[in-house]
$ cat target_20.cif   # mmCIF, C-alpha atoms
data_run
#
loop_
_atom_site.label_atom_id
_atom_site.label_comp_id
_atom_site.auth_asym_id
_atom_site.auth_seq_id
_atom_site.Cartn_x
_atom_site.Cartn_y
_atom_site.Cartn_z
CA MET K 69 180.21 151.51 50.74
CA ARG K 70 177.72 149.18 49.05
CA VAL K 71 177.63 145.43 49.59
CA GLU K 72 175.40 143.42 47.25
CA GLY K 73 173.13 146.43 46.88
CA PHE K 74 172.99 147.29 50.58
CA ASP K 75 174.35 150.56 51.90
CA PHE K 76 176.99 150.61 54.65
CA PRO K 77 177.87 154.26 55.36
CA ASP K 78 181.63 154.82 55.65
CA ASP K 79 181.43 156.91 58.81
CA LEU K 80 179.79 154.19 60.92
CA LEU K 81 181.14 151.16 62.77
CA TYR K 82 179.39 147.79 62.65
CA MET K 83 178.65 144.79 64.87
CA ARG K 84 178.11 141.22 63.73
CA GLY K 85 174.40 141.21 64.55
CA HIS K 86 173.57 143.68 61.74
CA VAL K 87 173.95 146.66 64.08
CA TRP K 88 175.55 149.98 63.19
CA VAL K 89 177.20 152.28 65.73
CA GLY K 90 177.76 155.99 65.12
CA LEU K 91 180.27 157.56 67.51
CA LYS K 92 180.28 161.23 68.44
CA ASP K 93 182.43 162.34 71.38
CA LYS K 94 181.48 160.00 74.24
CA THR K 95 178.09 159.02 72.82
CA ALA K 96 177.09 156.19 70.51
CA ARG K 97 173.96 156.13 68.36
CA ILE K 98 172.88 152.61 67.50
CA GLY K 99 170.64 151.14 64.81
CA LEU K 100 170.07 148.29 62.38
CA THR K 101 171.89 148.04 59.04
CA SER K 102 170.01 148.05 55.75
CA LEU K 103 170.88 144.36 55.22
CA GLY K 104 169.62 143.56 58.72
CA SER K 105 166.49 145.52 57.95
CA SER K 106 165.83 143.47 54.81
CA LEU K 107 166.32 140.24 56.76
CA THR K 108 163.82 141.37 59.41
CA LYS K 109 161.12 142.96 57.29
CA GLU K 110 157.97 144.44 58.81
CA ILE K 111 159.03 144.92 62.40
CA VAL K 112 155.84 145.01 64.47
CA HIS K 113 157.14 145.49 68.00
CA VAL K 114 160.18 146.91 69.81
CA ASP K 115 161.33 146.60 73.41
CA LEU K 116 163.52 149.52 74.41
CA PRO K 117 165.53 150.02 77.60
CA ASP K 118 165.00 152.86 80.07
CA ASN K 119 167.15 155.94 80.05
CA GLY K 120 169.95 155.47 82.58
CA GLU K 121 170.10 151.67 82.24
CA GLU K 122 173.65 150.33 82.08
CA PHE K 123 174.79 147.41 79.97
CA ASN K 124 178.01 145.44 79.70
CA ALA K 125 179.55 144.73 76.32
CA MET K 126 177.46 142.25 74.30
CA GLU K 127 174.59 142.32 76.78
CA PRO K 128 171.19 142.60 75.04
CA MET K 129 169.90 146.18 75.29
CA ALA K 130 166.85 146.17 73.05
CA SER K 131 164.93 143.76 70.89
CA PHE K 132 162.48 143.87 68.05
CA GLU K 133 160.02 141.40 66.60
CA THR K 134 158.45 140.64 63.27
CA ILE K 135 155.47 138.31 63.11
CA LYS K 136 157.87 135.36 63.46
CA SER K 137 161.40 136.42 64.41
CA VAL K 138 162.99 138.12 67.39
CA THR K 139 166.25 140.06 67.10
CA GLU K 140 168.27 141.39 70.00
CA VAL K 141 170.50 144.45 69.87
CA SER K 142 173.62 143.96 71.99
CA ALA K 143 175.72 146.68 73.59
CA PRO K 144 178.93 147.27 71.64
CA PHE K 145 180.77 148.19 74.86
CA LYS K 146 179.91 149.00 78.47
CA CYS K 147 177.51 151.90 78.21
CA MET K 148 174.56 153.73 79.74
CA VAL K 149 171.43 154.51 77.76
CA SER K 150 170.96 158.25 77.38
CA GLN K 151 168.07 158.36 74.91
CA VAL K 152 165.78 155.92 73.15
CA ASN K 153 163.88 156.54 69.93
CA GLU K 154 160.37 156.60 71.36
CA THR K 155 158.78 157.12 67.95
CA LEU K 156 159.56 153.43 67.32
CA LEU K 157 157.03 152.45 69.98
CA ASP K 158 154.25 153.85 67.77
CA ASP K 159 155.86 153.02 64.44
CA PRO K 160 158.45 150.23 64.73
CA SER K 161 158.51 149.92 60.94
CA LEU K 162 160.67 153.08 60.84
CA ILE K 163 163.59 150.70 61.44
CA ASN K 164 162.76 149.10 58.09
CA LYS K 165 161.91 152.30 56.26
CA ASP K 166 164.89 154.42 57.29
CA PRO K 167 167.46 152.27 59.14
CA TYR K 168 170.25 154.87 59.17
CA GLY K 169 167.98 157.87 59.80
CA GLU K 170 164.65 158.06 61.60
CA GLY K 171 164.86 154.36 62.43
CA TRP K 172 167.78 154.73 64.88
CA ILE K 173 167.15 152.74 68.05
CA LEU K 174 168.97 154.34 70.97
CA GLU K 175 171.85 156.50 72.13
CA ALA K 176 174.21 155.53 74.90
CA SER K 177 177.08 157.11 76.82
CA ILE K 178 180.28 155.13 76.57
CA LEU K 179 181.40 153.89 80.00
CA GLU K 180 184.32 151.76 78.82
CA ASP K 181 185.70 152.60 75.42
CA SER K 182 186.48 149.43 73.50
CA ARG K 183 186.41 148.56 69.81
CA ASP K 184 186.64 144.79 70.38
CA ASN K 185 183.12 144.17 69.07
CA LEU K 186 183.20 146.72 66.28
CA MET K 187 184.29 146.57 62.66
CA ASP K 188 185.21 149.47 60.39
CA VAL K 189 183.32 149.68 57.11
CA LYS K 190 185.96 147.77 55.15
CA SER K 191 185.96 144.80 57.53
CA ALA K 192 182.19 145.01 57.80
CA ALA K 193 181.80 144.91 54.01
CA GLU K 194 183.79 141.69 53.86
CA TYR K 195 181.94 140.16 56.81
CA PHE K 196 178.46 141.05 55.56
CA LYS K 197 179.25 139.91 52.04
CA ASN K 198 179.92 136.43 53.48
CA ILE K 199 176.70 136.63 55.47
CA PHE K 200 174.85 137.62 52.30
CA LEU K 201 176.26 134.65 50.38
CA LYS K 202 175.31 132.25 53.17
CA GLU K 203 171.80 133.70 53.24
CA LYS K 204 171.60 133.30 49.48
CA GLU K 205 172.22 129.57 49.89
CA ARG K 206 169.51 129.41 52.53
CA TYR K 207 167.09 131.16 50.15
CA ALA K 208 167.70 128.72 47.31
CA GLY K 209 164.45 127.46 45.83
CA ILE K 210 162.30 130.15 47.41
CA TYR K 211 161.71 132.02 44.18
CA GLU K 212 160.55 129.02 42.17
CA MET Y 25 139.05 111.18 57.46
CA VAL Y 26 140.39 110.04 60.84
CA VAL Y 27 141.71 112.86 63.00
CA ASP Y 28 143.38 112.88 66.39
CA MET Y 29 143.84 115.75 68.78
CA VAL Y 30 147.60 116.32 68.74
CA ALA Y 31 148.01 119.45 70.87
CA ARG Y 32 146.10 122.01 72.86
CA ALA Y 33 146.54 125.30 74.66
CA LYS Y 34 143.86 127.22 76.56
CA ASP Y 35 140.59 126.55 74.70
CA VAL Y 36 142.19 125.77 71.35
CA GLU Y 37 142.47 122.11 70.34
CA VAL Y 38 144.69 121.15 67.41
CA TYR Y 39 143.83 118.12 65.28
CA ALA Y 40 145.75 116.22 62.63
CA GLU Y 41 144.75 113.61 60.12
CA ARG Y 42 146.51 110.27 60.65
CA GLY Y 43 148.79 110.80 57.66
CA TRP Y 44 149.98 114.25 58.65
CA GLU Y 45 153.32 114.88 60.29
CA TYR Y 46 153.99 117.53 62.85
CA THR Y 47 156.80 119.02 64.87
CA PHE Y 48 156.95 121.37 67.83
CA LEU Y 49 160.69 122.03 67.94
CA GLY Y 50 161.79 121.59 64.34
CA SER Y 51 162.29 125.28 63.59
CA PRO Y 52 164.81 127.91 64.70
CA PHE Y 53 162.22 130.56 65.51
CA PRO Y 54 161.64 131.49 69.17
CA ALA Y 55 158.00 130.46 69.39
CA HIS Y 56 159.16 126.90 68.63
CA SER Y 57 162.14 126.85 70.99
CA ASP Y 58 159.80 128.13 73.74
CA PHE Y 59 157.27 125.28 73.12
CA ARG Y 60 154.69 127.76 71.82
CA ALA Y 61 154.38 126.78 68.16
CA MET Y 62 154.03 123.75 65.95
CA ASP Y 63 154.32 123.05 62.24
CA LEU Y 64 151.91 120.63 60.56
CA TYR Y 65 152.96 118.88 57.35
CA GLN Y 66 149.83 117.77 55.56
CA GLY Y 67 151.45 115.90 52.68
CA GLY Y 68 150.82 118.68 50.16
CA ASP Y 69 153.40 120.71 48.30
CA PHE Y 70 153.67 124.48 47.91
CA GLY Y 71 150.57 125.72 46.11
CA ASP Y 72 148.45 122.82 47.35
CA PRO Y 73 145.43 123.32 49.62
CA ALA Y 74 146.12 123.82 53.32
CA LEU Y 75 143.53 122.34 55.65
CA SER Y 76 142.39 123.65 59.00
CA PRO Y 77 143.70 121.80 62.07
CA ILE Y 78 141.18 123.54 64.35
CA ASN Y 79 137.51 124.45 64.66
CA GLY Y 80 136.67 128.12 64.91
CA THR Y 81 135.72 131.33 63.16
CA VAL Y 82 138.04 133.46 61.05
CA LEU Y 83 138.75 136.61 63.03
CA GLU Y 84 140.95 138.33 60.48
CA THR Y 85 143.51 137.73 57.75
CA MET Y 86 146.55 139.97 57.40
CA GLU Y 87 149.35 140.36 54.87
CA PHE Y 88 152.99 141.09 55.75
CA GLU Y 89 156.34 141.10 54.05
CA SER Y 90 158.77 138.32 54.97
CA PRO Y 91 162.57 138.67 54.95
CA SER Y 92 164.20 138.99 51.56
CA LEU Y 93 167.70 139.45 50.24
CA CYS Y 94 167.28 141.84 47.37
CA GLY Y 95 164.37 144.03 48.38
CA GLU Y 96 161.81 141.96 46.52
CA SER Y 97 158.39 141.20 47.93
CA LEU Y 98 157.93 137.78 49.55
CA PRO Y 99 154.51 137.96 51.20
CA GLU Y 100 153.53 136.18 54.39
CA TYR Y 101 150.00 136.02 55.76
CA LEU Y 102 148.39 135.60 59.14
CA THR Y 103 145.16 133.62 59.20
CA LEU Y 104 143.67 134.27 62.62
CA ILE Y 105 140.99 131.87 63.76
CA ARG Y 106 139.08 132.46 66.95
CA ALA Y 107 138.32 129.43 69.11
CA GLY Y 108 136.63 130.30 72.38
CA ASN Y 109 138.42 133.25 73.90
CA HIS Y 110 141.70 132.63 72.12
CA VAL Y 111 143.14 132.87 68.65
CA ALA Y 112 145.01 130.37 66.51
CA LYS Y 113 147.67 132.29 64.59
CA ILE Y 114 148.35 130.41 61.36
CA MET Y 115 151.19 131.23 58.97
CA HIS Y 116 152.71 130.01 55.69
CA ILE Y 117 149.42 129.79 53.81
CA LYS Y 118 147.80 132.29 51.48
CA PRO Y 119 144.28 132.41 52.89
CA SER Y 120 141.18 131.90 50.81
CA VAL Y 121 138.91 132.20 53.86
CA ARG Y 122 137.55 135.55 54.98
CA GLU Y 123 136.65 137.27 58.22
CA GLY Y 124 133.56 135.65 59.73
CA ASP Y 125 133.92 132.31 57.94
CA LYS Y 126 133.29 129.33 60.18
CA VAL Y 127 135.89 126.62 59.71
CA ASP Y 128 136.00 123.02 60.89
CA VAL Y 129 138.94 120.65 61.03
CA GLY Y 130 139.75 119.58 57.48
CA ASP Y 131 138.24 122.63 55.77
CA GLU Y 132 140.40 124.37 53.21
CA LEU Y 133 141.98 127.58 54.55
CA GLY Y 134 144.06 128.54 51.54
CA CYS Y 135 147.22 127.24 49.87
CA PHE Y 136 150.75 126.60 51.10
CA ILE Y 137 153.35 129.25 50.34
CA LYS Y 138 157.08 129.68 50.92
CA ASN Y 139 158.95 132.90 51.58
CA GLY Y 140 161.88 134.39 53.48
CA TYR Y 141 160.97 132.60 56.70
CA PHE Y 142 161.90 129.30 55.06
CA THR Y 143 165.23 127.55 54.84
CA PHE Y 144 165.54 125.66 51.57
CA TRP Y 145 165.08 122.20 53.13
CA VAL Y 146 161.67 122.95 54.67
CA ASP Y 147 158.58 121.40 53.06
CA ALA Y 148 155.15 123.01 52.86
CA ALA Y 149 153.89 123.34 56.42
CA LEU Y 150 151.25 125.20 58.39
CA HIS Y 151 152.68 127.09 61.38
CA LEU Y 152 150.35 127.42 64.37
CA GLU Y 153 150.46 129.34 67.65
CA VAL Y 154 147.75 129.93 70.26
CA ARG Y 155 147.46 133.56 71.29
CA SER Y 156 145.33 135.90 73.33
CA LEU Y 157 142.71 138.07 71.66
CA GLN Y 158 144.71 141.13 72.63
CA ASP Y 159 148.07 140.02 71.22
CA TYR Y 160 148.15 137.84 68.12
CA VAL Y 161 150.63 139.50 65.78
CA ARG Y 162 154.01 139.48 67.53
CA ALA Y 163 156.58 136.68 67.47
CA ARG Y 164 156.62 136.31 71.27
CA GLY Y 165 153.71 135.94 73.61
CA GLY Y 166 151.97 132.72 72.54
CA PHE Y 167 150.75 130.08 74.98
CA GLU Y 168 152.66 126.88 75.62
CA LEU Y 169 151.32 123.94 73.64
CA GLU Y 170 150.61 120.64 75.33
CA PRO Y 171 151.31 117.67 73.05
CA CYS Y 172 148.45 115.18 73.24
CA PHE Y 173 150.25 111.98 72.55
CA ARG Y 174 149.20 108.56 73.73
CA LYS Y 175 151.59 106.20 71.96
CA GLU Y 176 154.19 104.28 73.96
CA ALA Y 177 157.80 104.84 72.97
CA GLY Y 178 159.25 101.43 72.10
CA LYS Y 179 162.65 100.26 73.31
CA LYS Y 180 163.75 98.70 70.04
CA LYS Y 181 167.42 98.88 69.08
CA VAL Y 182 168.70 97.88 65.69
CA SER Y 183 172.16 96.76 64.65
CA GLU Y 184 172.01 98.84 61.50
CA LEU Y 185 169.77 101.80 60.85
CA GLU Y 186 168.11 101.24 57.51
CA GLY Y 187 165.21 102.62 55.61
CA THR Y 188 163.44 103.15 52.34
CA VAL Y 189 163.36 106.44 50.48
CA MET Y 190 159.72 107.51 50.35
CA ARG Y 191 160.20 110.80 48.54
CA THR Y 192 163.07 112.86 47.22
CA THR Y 193 162.97 116.50 46.19
CA GLU Y 194 165.52 119.29 45.80
CA ARG Y 195 164.78 120.12 49.44
CA ASN Y 196 165.24 116.85 51.29
CA VAL Y 197 164.85 113.10 51.30
CA VAL Y 198 162.06 111.47 53.31
CA VAL Y 199 163.03 108.05 54.63
CA SER Y 200 160.90 105.44 56.38
CA LEU Y 201 163.17 103.95 59.05
CA ASN Y 202 163.36 100.53 60.64
CA LEU Y 203 163.39 102.33 64.00
CA GLY Y 204 160.86 104.74 65.45
CA ASN Y 205 161.79 108.31 66.29
CA VAL Y 206 162.57 107.31 69.84
CA VAL Y 207 165.53 108.33 71.97
CA ARG Y 208 166.80 107.29 75.38
CA VAL Y 209 167.29 109.89 78.10
CA GLY Y 210 168.74 108.19 81.17
CA ASP Y 211 166.63 105.03 81.51
CA ILE Y 212 163.58 106.52 79.82
CA TYR Y 213 162.66 105.98 76.19
CA THR Y 214 160.71 108.83 74.68
CA PHE Y 215 159.82 110.51 71.39
CA VAL Y 216 162.23 112.90 69.72
CA ASP Y 217 161.21 115.98 67.75
CA GLY Y 218 163.16 118.45 65.67
CA ALA Y 219 166.21 118.73 63.48
CA THR Y 220 169.89 118.28 64.30
CA VAL Y 221 170.91 121.20 62.08
CA ILE Y 222 169.42 124.12 64.01
CA GLY Y 223 171.38 123.61 67.21
CA TYR Y 224 168.57 122.15 69.25
CA ALA Y 225 165.80 119.57 69.16
CA GLY Y 226 163.35 118.25 71.71
CA VAL Y 227 161.97 115.22 73.50
CA LEU Y 228 158.59 114.51 74.99
CA GLY Y 229 158.74 114.73 78.79
CA VAL Y 230 160.55 116.79 81.38
CA PHE Y 231 164.13 115.69 82.03
CA ASN Y 232 167.05 116.97 84.05
CA PRO Y 233 169.32 119.46 82.29
CA GLY Y 234 172.67 117.86 81.47
CA GLU Y 235 171.28 114.38 80.72
CA GLY Y 236 172.47 112.85 77.45
CA VAL Y 237 170.08 112.04 74.62
CA PHE Y 238 170.80 108.82 72.69
CA PHE Y 239 169.35 107.71 69.36
CA ASN Y 240 169.93 103.98 68.88
CA GLU Y 241 172.59 104.38 71.64
CA ILE Y 242 174.47 107.08 69.72
CA ARG Y 243 174.59 110.31 71.67
CA ILE Y 244 173.03 113.17 69.71
CA GLY Y 245 172.92 115.86 72.41
CA LYS Y 246 172.17 116.80 76.00
CA ILE Y 247 169.16 118.29 77.72
CA ASN Y 248 169.58 121.99 78.41
CA ARG Y 249 166.09 123.43 78.95
CA VAL Y 250 162.67 122.20 79.98
CA GLY Y 251 159.09 123.27 79.52
CA SER Y 252 155.94 121.93 81.12
CA TYR Y 253 155.63 118.96 78.74
CA MET Y 254 158.80 118.76 76.65
CA SER Y 255 162.54 119.26 77.04
CA VAL Y 256 164.98 120.87 74.67
CA PHE Y 257 168.36 119.33 74.03
CA GLN Y 258 171.38 120.95 72.50
CA THR Y 259 172.38 118.86 69.50
CA ASP Y 260 175.96 117.67 69.01
CA GLY Y 261 176.01 118.80 65.37
CA ALA Y 262 175.99 115.29 63.98
CA GLY Y 263 176.41 114.86 60.25
CA VAL Y 264 174.38 112.13 58.62
CA TYR Y 265 175.34 109.71 55.88
CA ALA Y 266 172.90 107.76 53.75
CA ASN Y 267 174.57 105.20 51.49
CA ASN Y 268 177.78 107.17 52.11
CA ILE Y 269 176.26 110.45 50.87
CA ARG Y 270 176.75 113.19 53.44
CA PHE Y 271 173.76 115.23 54.62
CA ALA Y 272 173.82 118.28 56.89
CA GLY Y 273 171.46 116.73 59.37
CA ILE Y 274 168.37 114.74 60.12
CA SER Y 275 164.90 115.96 60.96
CA PHE Y 276 162.69 113.84 63.21
CA MET Y 277 158.93 114.02 62.88
CA PHE Y 278 157.20 113.65 66.21
CA GLY Y 279 155.96 110.13 66.87
CA ARG Y 280 156.59 108.80 63.37
CA ASN Y 281 159.19 106.49 61.91
CA LEU Y 282 159.79 108.96 59.11
CA VAL Y 283 162.84 111.20 59.01
CA ARG Y 284 163.97 113.85 56.59
CA LEU Y 285 167.58 113.86 55.49
CA LEU Y 286 168.56 117.49 55.05
CA PRO Y 287 171.12 118.22 52.33
CA GLU Y 288 173.94 120.71 52.62
CA LYS Y 289 172.79 122.51 49.50
CA TYR Y 290 169.55 122.84 47.57
CA GLY Y 291 169.41 120.83 44.39
CA LYS Y 292 168.99 117.44 42.83
CA LEU Y 293 169.72 114.69 45.33
CA GLN Y 294 171.28 111.38 44.49
CA LEU Y 295 168.85 109.06 46.26
CA GLN Y 296 165.88 107.67 44.40
CA GLU Y 297 162.38 106.87 45.60
CA GLY Y 298 162.14 103.24 46.70
CA GLU Y 299 165.89 102.95 47.22
CA ARG Y 300 167.07 101.14 50.34
CA VAL Y 301 169.46 103.23 52.40
CA LYS Y 302 171.84 102.51 55.24
CA ILE Y 303 172.17 105.48 57.53
CA THR Y 304 175.10 106.38 59.75
CA LEU Y 305 175.38 109.29 62.09
CA GLY Y 306 178.61 111.13 62.88
CA SER Y 307 179.35 113.97 65.24
CA ASN Y 308 181.78 116.79 64.57
CA GLN Y 309 184.28 115.01 66.80
CA ASP Y 310 183.96 111.58 65.22
CA GLU Y 311 182.46 111.47 61.77
CA SER Y 312 182.87 107.74 61.43
CA ARG Y 313 180.57 106.31 64.10
CA GLY Y 314 178.09 103.89 62.65
CA LEU Y 315 174.70 103.08 64.04
#

$ encode --input "target_20.cif" --output "structure tokens"
Amino acid sequence: MRVEGFDFPDDLLYMRGHVWVGLKDKTARIGLTSLGSSLTKEIVHVDLPDNGEEFNAMEPMASFETIKSVTEVSAPFKCMVSQVNETLLDDPSLINKDPYGEGWILEASILEDSRDNLMDVKSAAEYFKNIFLKEKERYAGIYE
Amino acid sequence: MVVDMVARAKDVEVYAERGWEYTFLGSPFPAHSDFRAMDLYQGGDFGDPALSPINGTVLETMEFESPSLCGESLPEYLTLIRAGNHVAKIMHIKPSVREGDKVDVGDELGCFIKNGYFTFWVDAALHLEVRSLQDYVRARGGFELEPCFRKEAGKKKVSELEGTVMRTTERNVVVSLNLGNVVRVGDIYTFVDGATVIGYAGVLGVFNPGEGVFFNEIRIGKINRVGSYMSVFQTDGAGVYANNIRFAGISFMFGRNLVRLLPEKYGKLQLQEGERVKITLGSNQDESRGL
């Protein structure tokens, strides 16, 4: 599905903080949406967790920085990190270049299955459209 | 040109001309909320020359993309000036200086720009952090700034908060108030810094978390975090009215009696330069409290 020109793949779930979650069996792959990537252009640094680290739902698991902003990636549910995308340590801009592909951030095993913090693509499209419109107001005057 | 040292960290000293305004906590970005950045408003508009607030040598200039909504390019630049063994990281200007240039306070560094790091109500400002030579690009990792401020905070209270509109643009309204930007925390009067619309603002001095912050005896928030020299307070989300026109919030410039009234939307504002305004402040709970 496309929202204001940004791609939101139908087979993914979404969190409010511009995070996508791809579920396969008992594992979740997590990354940043294309809208989130545009709002955090030129990521210059990532902090990734260690394999085996456990997180409760909504606890920050990873973070990334541009030259001015810091964004945290929260756990969608209680989970344990099984793999991190180490290529991001050398090239964090992959998150910007290919947010749904090579720019994935980490994979985690689901310890407590819950969808409380997740939206399907239809709900996400509505939610992120509102976010987009609010951002558009914030950007007023920038292009003059 | 009369300049005063207004802040320092490590071996970097930051200077401002008497007419400039500056804020440490008036921005939502983490370097500000952690007391590690300041914005200097030099009176110029976007496109106007930006002047150096420090002495040093240009180490490097870098170009980056800032956030954007539709994939378009909105450049941001780092102008990195070495002073001693540290680096001043300067943003929001397009540099005209080059690597190796020696700069003194007041020298032109480039011109003011705006991009995706700006909210519409923000005026042209130079963002500054003090960093180590090994780490000057990231958002986190700057050194805490020490405000160098020698004025006494007055204890004046007024029956009605009034002012004169000094400037009005599509972005905001600058008002000269009949009261300094001073708040009371407990029994102490001190200077306030920041904007009520970003969820937090700050005061000069270290106070106990939980203490209320009062502007002309109207509570505007409570202390929730402290640094070495300043404290952050969580704002109560007060709306502001000027001559009965509602604004989203108020922005205090550190140590000045100037405030910016921040509109809810970008566009032509109804107040005129020179107009006298009566200002009232209302919280989310009680929009009708007058000052």

$ interface_residues --input "target_20.cif" --of "chain Y" --to "chain K" --cutoff "9 Å" --atoms "only C-alpha atoms" --output "VMD selection string"
chain Y and resid 53 to 55 88 to 95 98 102 138 to 145 160 to 164 194 to 195 289 to 291

$ resolve_selection --input "target_20.cif" --expression "the PyMOL selection byres ((chain Y and resi 250) around 12)" --output "list in words"
Ser57, Asp58, Phe59, Glu168, Ala225, Gly226, Val227, Leu228, Gly229, Val230, Phe231, Asn232, Pro233, Gly234, Glu235, Lys246, Ile247, Asn248, Arg249, Gly251, Ser252, Tyr253, Met254, Ser255, Val256, Phe257 and Gln258 of chain Y

$ residues_around --input "target_20.cif" --residues "Leu100 in chain K" --least-positions-apart "2" --cutoff "7 Å" --atoms "all atoms listed in the file" --output "list of chain:residue names"
K:His86, K:Val87, K:Trp88, K:Ser102, K:Gly104, K:Ser105, K:Ile163, K:Pro167

$ closest_atom_pairs --input "target_20.cif" --of "range 130-154 of chain K" --to "range 185-190 of chain K" --cutoff "12 Å" --atoms "all atoms listed in the file" --output "Markdown table"
| residue | atom | partner | partner_atom | distance |
| --- | --- | --- | --- | --- |
| K:Ser142 | CA | K:Asn185 | CA | 9.9 |
| K:Ala143 | CA | K:Asn185 | CA | 9.0 |
| K:Pro144 | CA | K:Asn185 | CA | 5.8 |
| K:Phe145 | CA | K:Asn185 | CA | 7.4 |
| K:Lys146 | CA | K:Asn185 | CA | 11.0 |

$ resolve_selection --input "target_20.cif" --expression "the PyMOL selection byres ((chain Y and resi 39-41) around 7)" --output "mmCIF file with C-alpha atoms, keeping the file's coordinate frame"
data_model
loop_
_atom_site.group_PDB
_atom_site.id
_atom_site.type_symbol
_atom_site.label_atom_id
_atom_site.label_comp_id
_atom_site.auth_asym_id
_atom_site.auth_seq_id
_atom_site.Cartn_x
_atom_site.Cartn_y
_atom_site.Cartn_z
ATOM 1 C CA MET Y 25 139.050 111.180 57.460
ATOM 2 C CA VAL Y 26 140.390 110.040 60.840
ATOM 3 C CA VAL Y 27 141.710 112.860 63.000
ATOM 4 C CA ASP Y 28 143.380 112.880 66.390
ATOM 5 C CA MET Y 29 143.840 115.750 68.780
ATOM 6 C CA VAL Y 30 147.600 116.320 68.740
ATOM 7 C CA GLU Y 37 142.470 122.110 70.340
ATOM 8 C CA VAL Y 38 144.690 121.150 67.410
ATOM 9 C CA ARG Y 42 146.510 110.270 60.650
ATOM 10 C CA GLY Y 43 148.790 110.800 57.660
ATOM 11 C CA TRP Y 44 149.980 114.250 58.650
ATOM 12 C CA PRO Y 77 143.700 121.800 62.070
ATOM 13 C CA ILE Y 78 141.180 123.540 64.350
ATOM 14 C CA VAL Y 129 138.940 120.650 61.030
#

$ build_atoms --input "target_20.cif" --residues "range 166-177 of chain K" --atoms "N, CA and C atoms" --output "PDB file, in the frame of the given file"
ATOM      1  N   ASP K 166     163.772 153.469  57.284  1.00  0.00           N
ATOM      2  CA  ASP K 166     164.890 154.420  57.290  1.00  0.00           C
ATOM      3  C   ASP K 166     165.911 153.989  58.337  1.00  0.00           C
ATOM      4  N   PRO K 167     166.627 152.866  58.079  1.00  0.00           N
ATOM      5  CA  PRO K 167     167.460 152.270  59.140  1.00  0.00           C
ATOM      6  C   PRO K 167     168.601 153.161  59.624  1.00  0.00           C
ATOM      7  N   TYR K 168     169.124 154.019  58.747  1.00  0.00           N
ATOM      8  CA  TYR K 168     170.250 154.870  59.170  1.00  0.00           C
ATOM      9  C   TYR K 168     169.789 156.269  59.588  1.00  0.00           C
ATOM     10  N   GLY K 169     168.499 156.536  59.474  1.00  0.00           N
ATOM     11  CA  GLY K 169     167.980 157.870  59.800  1.00  0.00           C
ATOM     12  C   GLY K 169     166.973 157.799  60.916  1.00  0.00           C
ATOM     13  N   GLU K 170     165.697 158.005  60.568  1.00  0.00           N
ATOM     14  CA  GLU K 170     164.650 158.060  61.600  1.00  0.00           C
ATOM     15  C   GLU K 170     164.447 156.737  62.330  1.00  0.00           C
ATOM     16  N   GLY K 171     165.025 155.670  61.798  1.00  0.00           N
ATOM     17  CA  GLY K 171     164.860 154.360  62.430  1.00  0.00           C
ATOM     18  C   GLY K 171     165.954 154.023  63.433  1.00  0.00           C
ATOM     19  N   TRP K 172     166.761 155.029  63.846  1.00  0.00           N
ATOM     20  CA  TRP K 172     167.780 154.730  64.880  1.00  0.00           C
ATOM     21  C   TRP K 172     167.082 154.209  66.140  1.00  0.00           C
ATOM     22  N   ILE K 173     167.807 153.436  66.924  1.00  0.00           N
ATOM     23  CA  ILE K 173     167.150 152.740  68.050  1.00  0.00           C
ATOM     24  C   ILE K 173     167.413 153.435  69.384  1.00  0.00           C
ATOM     25  N   LEU K 174     168.672 153.688  69.683  1.00  0.00           N
ATOM     26  CA  LEU K 174     168.970 154.340  70.970  1.00  0.00           C
ATOM     27  C   LEU K 174     170.321 155.026  70.925  1.00  0.00           C
ATOM     28  N   GLU K 175     170.535 155.889  71.925  1.00  0.00           N
ATOM     29  CA  GLU K 175     171.850 156.500  72.130  1.00  0.00           C
ATOM     30  C   GLU K 175     172.340 156.123  73.515  1.00  0.00           C
ATOM     31  N   ALA K 176     173.647 155.950  73.618  1.00  0.00           N
ATOM     32  CA  ALA K 176     174.210 155.530  74.900  1.00  0.00           C
ATOM     33  C   ALA K 176     175.533 156.233  75.153  1.00  0.00           C
ATOM     34  N   SER K 177     175.784 156.537  76.435  1.00  0.00           N
ATOM     35  CA  SER K 177     177.080 157.110  76.820  1.00  0.00           C
ATOM     36  C   SER K 177     178.071 155.972  77.006  1.00  0.00           C
TER      37      SER K 177
END
